Amino acid sequence: MGYPESLQKLADYLKNARRAIALTGAGISTESGIPDFRSPGGLWSDPGLMETLSRRTLARNPALFYRQGFSLFFPVLEAKPNPAHEVLAWLEQQGYITGVVTQNIDGLHQKAGSRRVFEVHGHMRSGTCMECTEVYPMEYIRAAVEQERPPSCECGGYIRPDVTLFGDPMPHQFWQSVEEAKKCDFMLVVGSSLEVSPANTLPQYVDRVAIVNLGRTSYDRQADLIINEKASKVMLELKSLLQKNS
Ligand code: NAD
């Protein structure tokens, strides 16, 4: 099937779905200037980083966790949504999807106007004291790290970012997204290798799955439709097609 036919099929899936949801990953934000993890040159090119960004390192050596690990994420705070995020927000407004489940921590879906967002790996808006659970804005954490000290609370405890770290249990929003996926019959995956567990189990709950991703994914064999093109191109053309067909 050629690209125009695949795009039409994607539009038809959305139009005919009883209830649909999107699932996004780091690949939807590369066009906003945020590198993904698994593409060449992505963050996982450094094998030690997974350990540095773990709950264990945060507990044993918060200075190292923040200085060599978490500080890599601060540029995300300045990023702006791209057309792929904007079209997903439009799809929600038009009633084609009920929301977005995202593995991303960048907050770009909300910045683009999506209202129902399940952040299954947390977010970059805040952090929480590991002793007294007081919540602090990310700017407080960033200021401390930029002054070369791990962020600490008034009570003396260290503050951890509200991001899911290696070794953390999955947050409540993940379990909510499982319940949402079970209610849906169609899932549109955008920009994820579907390698990260357990987020990559979500497609199995729906009858039909379409994937828009540059590279291969671990769900390609089971998917009903795969479009290996850039997310923003596909999403913009999908929007035009849906507008034309309606
Ligand atoms: P991943 O890095 O495993 O996979 C990204 C996929 O996106 C790749 O297969 C790549 O081919 C594809 N891709 C890259 N640019 C694309 C584009 N313009 N259009 C279409 N596809 C494109 O990402 P993942 O599956 O989300 O897993 C990585 C984990 O890292 C996630 O858990 C996520 O929380 C985290 N992460 C988040 C961010 C972010 O918040 N923006 C950035 C990096 C990593």
# chains A, B, ... in the order shown; residues from 1 in each chain; ligands from 1

$ closest_atom_pairs --of "segment 22-101 of chain A" --to "segment 110-116 of chain A" --cutoff "6 Å" --atoms "only C-alpha atoms" --output "JSON lines"
{"residue": "A:Pro81", "atom": "CA", "partner": "A:Ala112", "partner_atom": "CA", "distance": 5.7}
{"residue": "A:His85", "atom": "CA", "partner": "A:Ala112", "partner_atom": "CA", "distance": 5.9}
{"residue": "A:Glu86", "atom": "CA", "partner": "A:Ala112", "partner_atom": "CA", "distance": 5.1}
{"residue": "A:Ala89", "atom": "CA", "partner": "A:Ser114", "partner_atom": "CA", "distance": 4.3}
{"residue": "A:Gly99", "atom": "CA", "partner": "A:Arg116", "partner_atom": "CA", "distance": 4.7}

$ write_last_selection --atoms "all heavy atoms" --output "mmCIF file, in the first residue's frame"
data_model
loop_
_atom_site.group_PDB
_atom_site.id
_atom_site.type_symbol
_atom_site.label_atom_id
_atom_site.label_comp_id
_atom_site.auth_asym_id
_atom_site.auth_seq_id
_atom_site.Cartn_x
_atom_site.Cartn_y
_atom_site.Cartn_z
ATOM 1 N N PRO A 81 5.538 23.116 21.190
ATOM 2 C CA PRO A 81 4.894 22.024 20.452
ATOM 3 C C PRO A 81 5.063 22.178 18.950
ATOM 4 O O PRO A 81 5.229 23.296 18.457
ATOM 5 C CB PRO A 81 3.411 22.144 20.836
ATOM 6 C CG PRO A 81 3.252 23.434 21.535
ATOM 7 C CD PRO A 81 4.592 23.921 21.973
ATOM 8 N N HIS A 85 1.872 17.610 17.637
ATOM 9 C CA HIS A 85 1.154 17.819 18.910
ATOM 10 C C HIS A 85 -0.146 18.589 18.644
ATOM 11 O O HIS A 85 -1.196 18.284 19.224
ATOM 12 C CB HIS A 85 1.994 18.649 19.888
ATOM 13 C CG HIS A 85 3.304 18.046 20.288
ATOM 14 N ND1 HIS A 85 4.499 18.438 19.732
ATOM 15 C CD2 HIS A 85 3.615 17.088 21.195
ATOM 16 C CE1 HIS A 85 5.484 17.749 20.288
ATOM 17 N NE2 HIS A 85 4.987 16.923 21.171
ATOM 18 N N GLU A 86 -0.047 19.596 17.765
ATOM 19 C CA GLU A 86 -1.224 20.455 17.523
ATOM 20 C C GLU A 86 -2.367 19.671 16.866
ATOM 21 O O GLU A 86 -3.534 19.854 17.219
ATOM 22 C CB GLU A 86 -0.818 21.660 16.661
ATOM 23 C CG GLU A 86 -0.066 22.685 17.495
ATOM 24 C CD GLU A 86 0.817 23.617 16.689
ATOM 25 O OE1 GLU A 86 0.725 23.601 15.443
ATOM 26 O OE2 GLU A 86 1.599 24.358 17.319
ATOM 27 N N ALA A 89 -4.172 17.612 19.404
ATOM 28 C CA ALA A 89 -5.106 18.444 20.185
ATOM 29 C C ALA A 89 -6.371 18.702 19.365
ATOM 30 O O ALA A 89 -7.492 18.640 19.889
ATOM 31 C CB ALA A 89 -4.434 19.757 20.572
ATOM 32 N N GLY A 99 -8.313 11.426 23.964
ATOM 33 C CA GLY A 99 -7.173 12.018 24.646
ATOM 34 C C GLY A 99 -5.869 11.392 24.185
ATOM 35 O O GLY A 99 -5.840 10.670 23.180
#

$ select_by_dssp --residues "segment 12-96 of chain A" --states "helix (DSSP H, G or I)" --output "VMD selection string"
chain A and resid 12 to 16 26 to 28 30 to 32 43 to 45 49 to 52 55 to 60 62 to 78 83 to 93

$ residues_around --residues "segment 135-141 of chain A" --least-positions-apart "3" --cutoff "12 Å" --atoms "only C-alpha atoms" --output "VMD selection string"
chain A and resid 66 to 67 70 to 71 73 to 78 106 123 to 132 144 to 154 157 to 163

$ residues_near_ligand --ligand "ligand 1" --cutoff "7 Å" --atoms "only C-alpha atoms and all ligand atoms" --output "VMD selection string"
chain A and resid 24 to 31 34 to 39 103 to 106 121 190 to 196 212 to 217 229 to 232

$ write_last_selection --atoms "N, CA and C atoms" --output "mmCIF file, in the first residue's frame"
data_model
loop_
_atom_site.group_PDB
_atom_site.id
_atom_site.type_symbol
_atom_site.label_atom_id
_atom_site.label_comp_id
_atom_site.auth_asym_id
_atom_site.auth_seq_id
_atom_site.Cartn_x
_atom_site.Cartn_y
_atom_site.Cartn_z
ATOM 1 N N THR A 24 1.731 8.416 22.548
ATOM 2 C CA THR A 24 2.899 9.072 21.960
ATOM 3 C C THR A 24 4.171 8.772 22.751
ATOM 4 N N GLY A 25 5.296 8.962 22.051
ATOM 5 C CA GLY A 25 6.599 8.782 22.678
ATOM 6 C C GLY A 25 7.556 9.871 22.227
ATOM 7 N N ALA A 26 8.802 9.703 22.570
ATOM 8 C CA ALA A 26 9.806 10.739 22.345
ATOM 9 C C ALA A 26 9.879 11.200 20.886
ATOM 10 N N GLY A 27 9.528 10.300 19.939
ATOM 11 C CA GLY A 27 9.623 10.647 18.516
ATOM 12 C C GLY A 27 8.697 11.772 18.091
ATOM 13 N N ILE A 28 7.612 12.018 18.842
ATOM 14 C CA ILE A 28 6.719 13.117 18.442
ATOM 15 C C ILE A 28 7.352 14.465 18.790
ATOM 16 N N SER A 29 8.317 14.453 19.686
ATOM 17 C CA SER A 29 8.916 15.725 20.127
ATOM 18 C C SER A 29 10.285 16.007 19.515
ATOM 19 N N THR A 30 10.793 15.095 18.667
ATOM 20 C CA THR A 30 12.114 15.381 18.059
ATOM 21 C C THR A 30 12.032 16.610 17.154
ATOM 22 N N GLU A 31 10.864 16.810 16.519
ATOM 23 C CA GLU A 31 10.717 17.991 15.654
ATOM 24 C C GLU A 31 10.506 19.275 16.470
ATOM 25 N N ILE A 34 13.768 18.153 20.810
ATOM 26 C CA ILE A 34 14.131 17.300 21.960
ATOM 27 C C ILE A 34 14.580 15.939 21.429
ATOM 28 N N PRO A 35 15.826 15.533 21.668
ATOM 29 C CA PRO A 35 16.274 14.244 21.134
ATOM 30 C C PRO A 35 15.505 13.089 21.759
ATOM 31 N N ASP A 36 15.261 12.026 20.967
ATOM 32 C CA ASP A 36 14.672 10.826 21.573
ATOM 33 C C ASP A 36 15.796 9.992 22.175
ATOM 34 N N PHE A 37 15.460 8.802 22.651
ATOM 35 C CA PHE A 37 16.472 7.994 23.330
ATOM 36 C C PHE A 37 17.170 7.023 22.396
ATOM 37 N N ARG A 38 16.398 6.430 21.475
ATOM 38 C CA ARG A 38 16.946 5.287 20.750
ATOM 39 C C ARG A 38 17.437 5.585 19.353
ATOM 40 N N SER A 39 17.123 6.736 18.783
ATOM 41 C CA SER A 39 17.671 7.062 17.467
ATOM 42 C C SER A 39 19.183 7.260 17.607
ATOM 43 N N GLN A 103 4.259 8.976 26.865
ATOM 44 C CA GLN A 103 5.418 8.546 27.645
ATOM 45 C C GLN A 103 6.343 9.734 27.885
ATOM 46 N N ASN A 104 6.029 10.857 27.241
ATOM 47 C CA ASN A 104 6.920 12.014 27.325
ATOM 48 C C ASN A 104 6.704 12.795 28.616
ATOM 49 N N ILE A 105 7.776 13.467 29.017
ATOM 50 C CA ILE A 105 7.720 14.271 30.239
ATOM 51 C C ILE A 105 7.740 15.755 29.895
ATOM 52 N N ASP A 106 7.669 16.070 28.590
ATOM 53 C CA ASP A 106 7.926 17.451 28.153
ATOM 54 C C ASP A 106 6.730 18.396 28.241
ATOM 55 N N HIS A 121 4.809 8.586 32.422
ATOM 56 C CA HIS A 121 6.161 8.640 32.998
ATOM 57 C C HIS A 121 6.391 9.946 33.760
ATOM 58 N N VAL A 190 2.083 7.406 17.925
ATOM 59 C CA VAL A 190 2.900 8.378 17.185
ATOM 60 C C VAL A 190 4.255 8.554 17.876
ATOM 61 N N GLY A 191 5.330 8.217 17.168
ATOM 62 C CA GLY A 191 6.674 8.515 17.649
ATOM 63 C C GLY A 191 7.123 7.716 18.851
ATOM 64 N N SER A 192 6.900 6.416 18.813
ATOM 65 C CA SER A 192 7.417 5.576 19.897
ATOM 66 C C SER A 192 7.954 4.269 19.329
ATOM 67 N N SER A 193 9.096 3.838 19.838
ATOM 68 C CA SER A 193 9.653 2.545 19.424
ATOM 69 C C SER A 193 8.887 1.395 20.080
ATOM 70 N N LEU A 194 8.043 1.719 21.048
ATOM 71 C CA LEU A 194 7.278 0.717 21.818
ATOM 72 C C LEU A 194 8.200 -0.342 22.431
ATOM 73 N N GLU A 195 9.356 0.136 22.862
ATOM 74 C CA GLU A 195 10.334 -0.760 23.509
ATOM 75 C C GLU A 195 10.245 -0.662 25.022
ATOM 76 N N VAL A 196 9.682 0.441 25.518
ATOM 77 C CA VAL A 196 9.711 0.662 26.958
ATOM 78 C C VAL A 196 8.473 0.045 27.607
ATOM 79 N N VAL A 212 2.487 5.553 13.528
ATOM 80 C CA VAL A 212 3.208 6.542 12.715
ATOM 81 C C VAL A 212 4.563 6.715 13.381
ATOM 82 N N ASN A 213 5.604 6.204 12.755
ATOM 83 C CA ASN A 213 6.931 6.222 13.389
ATOM 84 C C ASN A 213 8.006 6.090 12.324
ATOM 85 N N LEU A 214 9.096 6.823 12.493
ATOM 86 C CA LEU A 214 10.163 6.754 11.483
ATOM 87 C C LEU A 214 10.822 5.383 11.449
ATOM 88 N N GLY A 215 11.125 4.843 12.615
ATOM 89 C CA GLY A 215 11.835 3.559 12.676
ATOM 90 C C GLY A 215 10.892 2.409 12.990
ATOM 91 N N ARG A 216 11.488 1.236 13.120
ATOM 92 C CA ARG A 216 10.696 0.044 13.449
ATOM 93 C C ARG A 216 10.223 0.106 14.902
ATOM 94 N N THR A 217 9.143 -0.604 15.192
ATOM 95 C CA THR A 217 8.694 -0.696 16.581
ATOM 96 C C THR A 217 8.503 -2.163 16.948
ATOM 97 N N GLU A 229 6.889 7.580 8.363
ATOM 98 C CA GLU A 229 7.145 8.955 7.908
ATOM 99 C C GLU A 229 7.232 9.852 9.136
ATOM 100 N N LYS A 230 7.671 11.109 8.906
ATOM 101 C CA LYS A 230 7.753 12.046 10.034
ATOM 102 C C LYS A 230 6.367 12.371 10.588
ATOM 103 N N ALA A 231 6.302 12.460 11.902
ATOM 104 C CA ALA A 231 5.013 12.659 12.569
ATOM 105 C C ALA A 231 4.301 13.930 12.106
ATOM 106 N N SER A 232 5.008 15.042 12.000
ATOM 107 C CA SER A 232 4.305 16.301 11.694
ATOM 108 C C SER A 232 3.729 16.277 10.285
#

$ closest_residue --among "A:Leu58, A:Gln8, A:Leu23, A:Thr98" --to "Pro203 of chain A" --atoms "only C-alpha atoms"
A:Leu23

$ select_by_dssp --residues "segment 55-237 of chain A" --states "strand (DSSP E or B)" --output "PyMOL selection string"
chain A and resi 100-102+117-119+122-129+135-137+152+158-163+166+186-190+208-212+225-227

$ write_last_selection --atoms "N, CA, C and O atoms" --output "compact mmCIF listing (two decimals), in the first residue's frame"
# COMPACT_ATOMS: atom_id res chain seq x y z
N VAL A 100 -4.82 11.71 24.93
CA VAL A 100 -3.48 11.23 24.57
C VAL A 100 -2.83 10.58 25.79
O VAL A 100 -2.81 11.18 26.87
N VAL A 101 -2.31 9.38 25.59
CA VAL A 101 -1.44 8.77 26.60
C VAL A 101 -0.02 9.06 26.14
O VAL A 101 0.34 8.76 25.00
N THR A 102 0.77 9.70 26.98
CA THR A 102 2.13 10.01 26.53
C THR A 102 3.18 9.46 27.48
O THR A 102 3.02 9.49 28.70
N VAL A 117 -4.75 14.31 29.02
CA VAL A 117 -3.41 13.76 28.79
C VAL A 117 -3.05 12.85 29.96
O VAL A 117 -3.10 13.28 31.12
N PHE A 118 -2.71 11.61 29.65
CA PHE A 118 -2.25 10.67 30.67
C PHE A 118 -0.73 10.65 30.60
O PHE A 118 -0.18 10.15 29.61
N GLU A 119 -0.07 11.19 31.60
CA GLU A 119 1.41 11.25 31.57
C GLU A 119 1.94 10.03 32.32
O GLU A 119 2.08 10.04 33.54
N GLY A 122 5.29 10.57 34.21
CA GLY A 122 5.43 11.81 34.97
C GLY A 122 5.65 13.02 34.09
O GLY A 122 5.40 12.98 32.88
N HIS A 123 6.13 14.11 34.70
CA HIS A 123 6.25 15.38 33.98
C HIS A 123 7.34 16.26 34.60
O HIS A 123 7.85 15.96 35.69
N MET A 124 7.62 17.36 33.91
CA MET A 124 8.70 18.27 34.31
C MET A 124 8.17 19.53 35.00
O MET A 124 8.88 20.53 35.06
N ARG A 125 6.96 19.50 35.48
CA ARG A 125 6.42 20.73 36.08
C ARG A 125 6.83 20.92 37.54
O ARG A 125 6.86 22.03 38.04
N SER A 126 7.15 19.83 38.23
CA SER A 126 7.38 19.95 39.67
C SER A 126 8.26 18.81 40.20
O SER A 126 8.61 17.88 39.48
N GLY A 127 8.57 18.92 41.49
CA GLY A 127 9.28 17.88 42.21
C GLY A 127 8.70 17.78 43.61
O GLY A 127 8.00 18.69 44.06
N THR A 128 9.03 16.71 44.30
CA THR A 128 8.43 16.45 45.62
C THR A 128 9.51 16.09 46.63
O THR A 128 10.42 15.31 46.30
N CYS A 129 9.39 16.65 47.83
CA CYS A 129 10.36 16.32 48.89
C CYS A 129 10.22 14.84 49.26
O CYS A 129 9.12 14.36 49.51
N VAL A 135 5.55 19.92 47.66
CA VAL A 135 5.76 19.99 46.20
C VAL A 135 6.40 21.33 45.84
O VAL A 135 6.02 22.38 46.37
N TYR A 136 7.40 21.28 44.96
CA TYR A 136 8.12 22.49 44.52
C TYR A 136 8.06 22.61 43.00
O TYR A 136 8.13 21.59 42.29
N PRO A 137 7.97 23.84 42.47
CA PRO A 137 7.99 23.99 41.01
C PRO A 137 9.35 23.62 40.42
O PRO A 137 10.38 23.73 41.10
N SER A 152 16.97 20.95 47.85
CA SER A 152 16.48 20.42 49.12
C SER A 152 15.32 21.25 49.63
O SER A 152 15.16 22.42 49.29
N TYR A 158 15.76 15.84 50.56
CA TYR A 158 16.03 16.12 49.15
C TYR A 158 14.73 16.09 48.35
O TYR A 158 13.80 15.35 48.68
N ILE A 159 14.72 16.88 47.27
CA ILE A 159 13.54 16.92 46.40
C ILE A 159 13.82 16.04 45.19
O ILE A 159 14.90 16.12 44.59
N ARG A 160 12.84 15.24 44.82
CA ARG A 160 12.98 14.42 43.61
C ARG A 160 12.05 14.98 42.53
O ARG A 160 10.98 15.52 42.84
N PRO A 161 12.44 14.88 41.25
CA PRO A 161 11.53 15.35 40.21
C PRO A 161 10.31 14.44 40.10
O PRO A 161 10.41 13.24 40.39
N ASP A 162 9.17 15.00 39.66
CA ASP A 162 7.95 14.20 39.51
C ASP A 162 7.94 13.48 38.16
O ASP A 162 6.97 13.53 37.39
N VAL A 163 9.05 12.82 37.91
CA VAL A 163 9.28 12.07 36.69
C VAL A 163 9.50 10.63 37.13
O VAL A 163 10.08 10.39 38.19
N PHE A 166 14.07 5.16 36.57
CA PHE A 166 14.33 3.72 36.52
C PHE A 166 14.31 3.21 37.96
O PHE A 166 14.95 3.77 38.84
N PHE A 186 -9.64 1.63 19.05
CA PHE A 186 -8.57 2.04 18.13
C PHE A 186 -7.51 2.86 18.87
O PHE A 186 -7.85 3.70 19.71
N MET A 187 -6.24 2.58 18.55
CA MET A 187 -5.14 3.37 19.12
C MET A 187 -4.22 3.85 18.00
O MET A 187 -3.82 3.06 17.14
N LEU A 188 -3.93 5.15 18.03
CA LEU A 188 -2.98 5.75 17.09
C LEU A 188 -1.67 6.00 17.85
O LEU A 188 -1.63 6.82 18.77
N VAL A 189 -0.62 5.26 17.48
CA VAL A 189 0.68 5.42 18.13
C VAL A 189 1.51 6.39 17.28
O VAL A 189 1.61 6.23 16.07
N VAL A 190 2.08 7.41 17.93
CA VAL A 190 2.90 8.38 17.18
C VAL A 190 4.26 8.55 17.88
O VAL A 190 4.32 8.96 19.04
N ARG A 208 -7.67 -2.42 17.19
CA ARG A 208 -6.98 -1.96 15.99
C ARG A 208 -5.92 -0.93 16.36
O ARG A 208 -6.18 -0.02 17.15
N VAL A 209 -4.71 -1.09 15.75
CA VAL A 209 -3.59 -0.18 16.08
C VAL A 209 -2.97 0.33 14.79
O VAL A 209 -2.65 -0.44 13.88
N ALA A 210 -2.78 1.66 14.72
CA ALA A 210 -2.01 2.27 13.62
C ALA A 210 -0.79 2.94 14.22
O ALA A 210 -0.87 3.55 15.30
N ILE A 211 0.35 2.81 13.54
CA ILE A 211 1.61 3.36 14.06
C ILE A 211 2.20 4.34 13.05
O ILE A 211 2.37 4.01 11.88
N VAL A 212 2.49 5.55 13.53
CA VAL A 212 3.21 6.54 12.71
C VAL A 212 4.56 6.72 13.38
O VAL A 212 4.66 7.27 14.48
N LEU A 225 -1.77 -1.03 10.73
CA LEU A 225 -1.29 -0.05 9.76
C LEU A 225 0.00 0.58 10.29
O LEU A 225 0.07 0.94 11.46
N ILE A 226 1.02 0.68 9.40
CA ILE A 226 2.28 1.31 9.81
C ILE A 226 2.62 2.37 8.78
O ILE A 226 2.64 2.10 7.57
N ILE A 227 2.90 3.58 9.24
CA ILE A 227 3.34 4.65 8.33
C ILE A 227 4.72 5.11 8.81
O ILE A 227 4.84 5.72 9.88

$ atom_distance --atom1 "atom CA of Asn245 of chain A" --atom2 "atom CA of Asn82 of chain A"
24.0 Å

$ residues_around --residues "segment 48-52 of chain A" --least-positions-apart "5" --cutoff "7 Å" --atoms "only C-alpha atoms" --output "VMD selection string"
chain A and resid 57 65 69

$ decode --residues "segment 118-179 of chain A" --atoms "C-alpha atoms" --output "mmCIF file, in the first residue's frame"
data_model
loop_
_atom_site.group_PDB
_atom_site.id
_atom_site.type_symbol
_atom_site.label_atom_id
_atom_site.label_comp_id
_atom_site.auth_asym_id
_atom_site.auth_seq_id
_atom_site.Cartn_x
_atom_site.Cartn_y
_atom_site.Cartn_z
ATOM 1 C CA PHE A 118 -2.252 10.669 30.674
ATOM 2 C CA GLU A 119 1.407 11.252 31.575
ATOM 3 C CA VAL A 120 2.524 7.698 32.224
ATOM 4 C CA HIS A 121 6.161 8.640 32.998
ATOM 5 C CA GLY A 122 5.428 11.809 34.975
ATOM 6 C CA HIS A 123 6.247 15.381 33.982
ATOM 7 C CA MET A 124 8.704 18.269 34.308
ATOM 8 C CA ARG A 125 6.420 20.728 36.077
ATOM 9 C CA SER A 126 7.383 19.946 39.671
ATOM 10 C CA GLY A 127 9.284 17.875 42.207
ATOM 11 C CA THR A 128 8.426 16.454 45.622
ATOM 12 C CA CYS A 129 10.363 16.320 48.887
ATOM 13 C CA MET A 130 11.334 12.727 49.590
ATOM 14 C CA GLU A 131 10.840 13.315 53.361
ATOM 15 C CA CYS A 132 7.753 15.500 53.840
ATOM 16 C CA THR A 133 6.183 15.347 50.285
ATOM 17 C CA GLU A 134 6.085 19.151 49.916
ATOM 18 C CA VAL A 135 5.763 19.989 46.197
ATOM 19 C CA TYR A 136 8.124 22.490 44.522
ATOM 20 C CA PRO A 137 7.988 23.991 41.010
ATOM 21 C CA MET A 138 10.603 22.736 38.533
ATOM 22 C CA GLU A 139 12.126 26.235 38.375
ATOM 23 C CA TYR A 140 13.085 25.894 42.061
ATOM 24 C CA ILE A 141 14.824 22.598 41.301
ATOM 25 C CA ARG A 142 16.535 24.024 38.234
ATOM 26 C CA ALA A 143 17.840 27.072 40.120
ATOM 27 C CA ALA A 144 19.397 24.838 42.804
ATOM 28 C CA VAL A 145 21.021 22.511 40.255
ATOM 29 C CA GLU A 146 22.395 25.476 38.304
ATOM 30 C CA GLN A 147 23.963 26.680 41.556
ATOM 31 C CA GLU A 148 25.566 23.222 41.785
ATOM 32 C CA ARG A 149 23.627 21.975 44.794
ATOM 33 C CA PRO A 150 21.022 19.202 44.871
ATOM 34 C CA PRO A 151 17.585 20.739 45.522
ATOM 35 C CA SER A 152 16.481 20.418 49.124
ATOM 36 C CA CYS A 153 13.304 21.160 51.027
ATOM 37 C CA GLU A 154 12.840 23.492 53.990
ATOM 38 C CA CYS A 155 12.588 20.322 56.131
ATOM 39 C CA GLY A 156 16.100 19.297 55.014
ATOM 40 C CA GLY A 157 14.989 16.394 52.780
ATOM 41 C CA TYR A 158 16.028 16.123 49.149
ATOM 42 C CA ILE A 159 13.542 16.920 46.400
ATOM 43 C CA ARG A 160 12.981 14.423 43.608
ATOM 44 C CA PRO A 161 11.527 15.352 40.207
ATOM 45 C CA ASP A 162 7.950 14.200 39.512
ATOM 46 C CA VAL A 163 9.278 12.068 36.685
ATOM 47 C CA THR A 164 9.213 8.265 36.691
ATOM 48 C CA LEU A 165 12.804 7.111 37.231
ATOM 49 C CA PHE A 166 14.332 3.721 36.521
ATOM 50 C CA GLY A 167 13.391 1.621 39.537
ATOM 51 C CA ASP A 168 10.208 3.604 40.343
ATOM 52 C CA PRO A 169 6.759 2.027 40.370
ATOM 53 C CA MET A 170 4.444 3.208 37.589
ATOM 54 C CA PRO A 171 2.362 6.260 38.527
ATOM 55 C CA HIS A 172 -1.412 6.218 38.970
ATOM 56 C CA GLN A 173 -1.897 7.799 35.521
ATOM 57 C CA PHE A 174 -0.458 4.687 33.902
ATOM 58 C CA TRP A 175 -3.107 2.492 35.505
ATOM 59 C CA GLN A 176 -5.772 5.014 34.451
ATOM 60 C CA SER A 177 -4.454 4.804 30.881
ATOM 61 C CA VAL A 178 -4.823 0.997 30.978
ATOM 62 C CA GLU A 179 -8.486 1.449 31.943
#
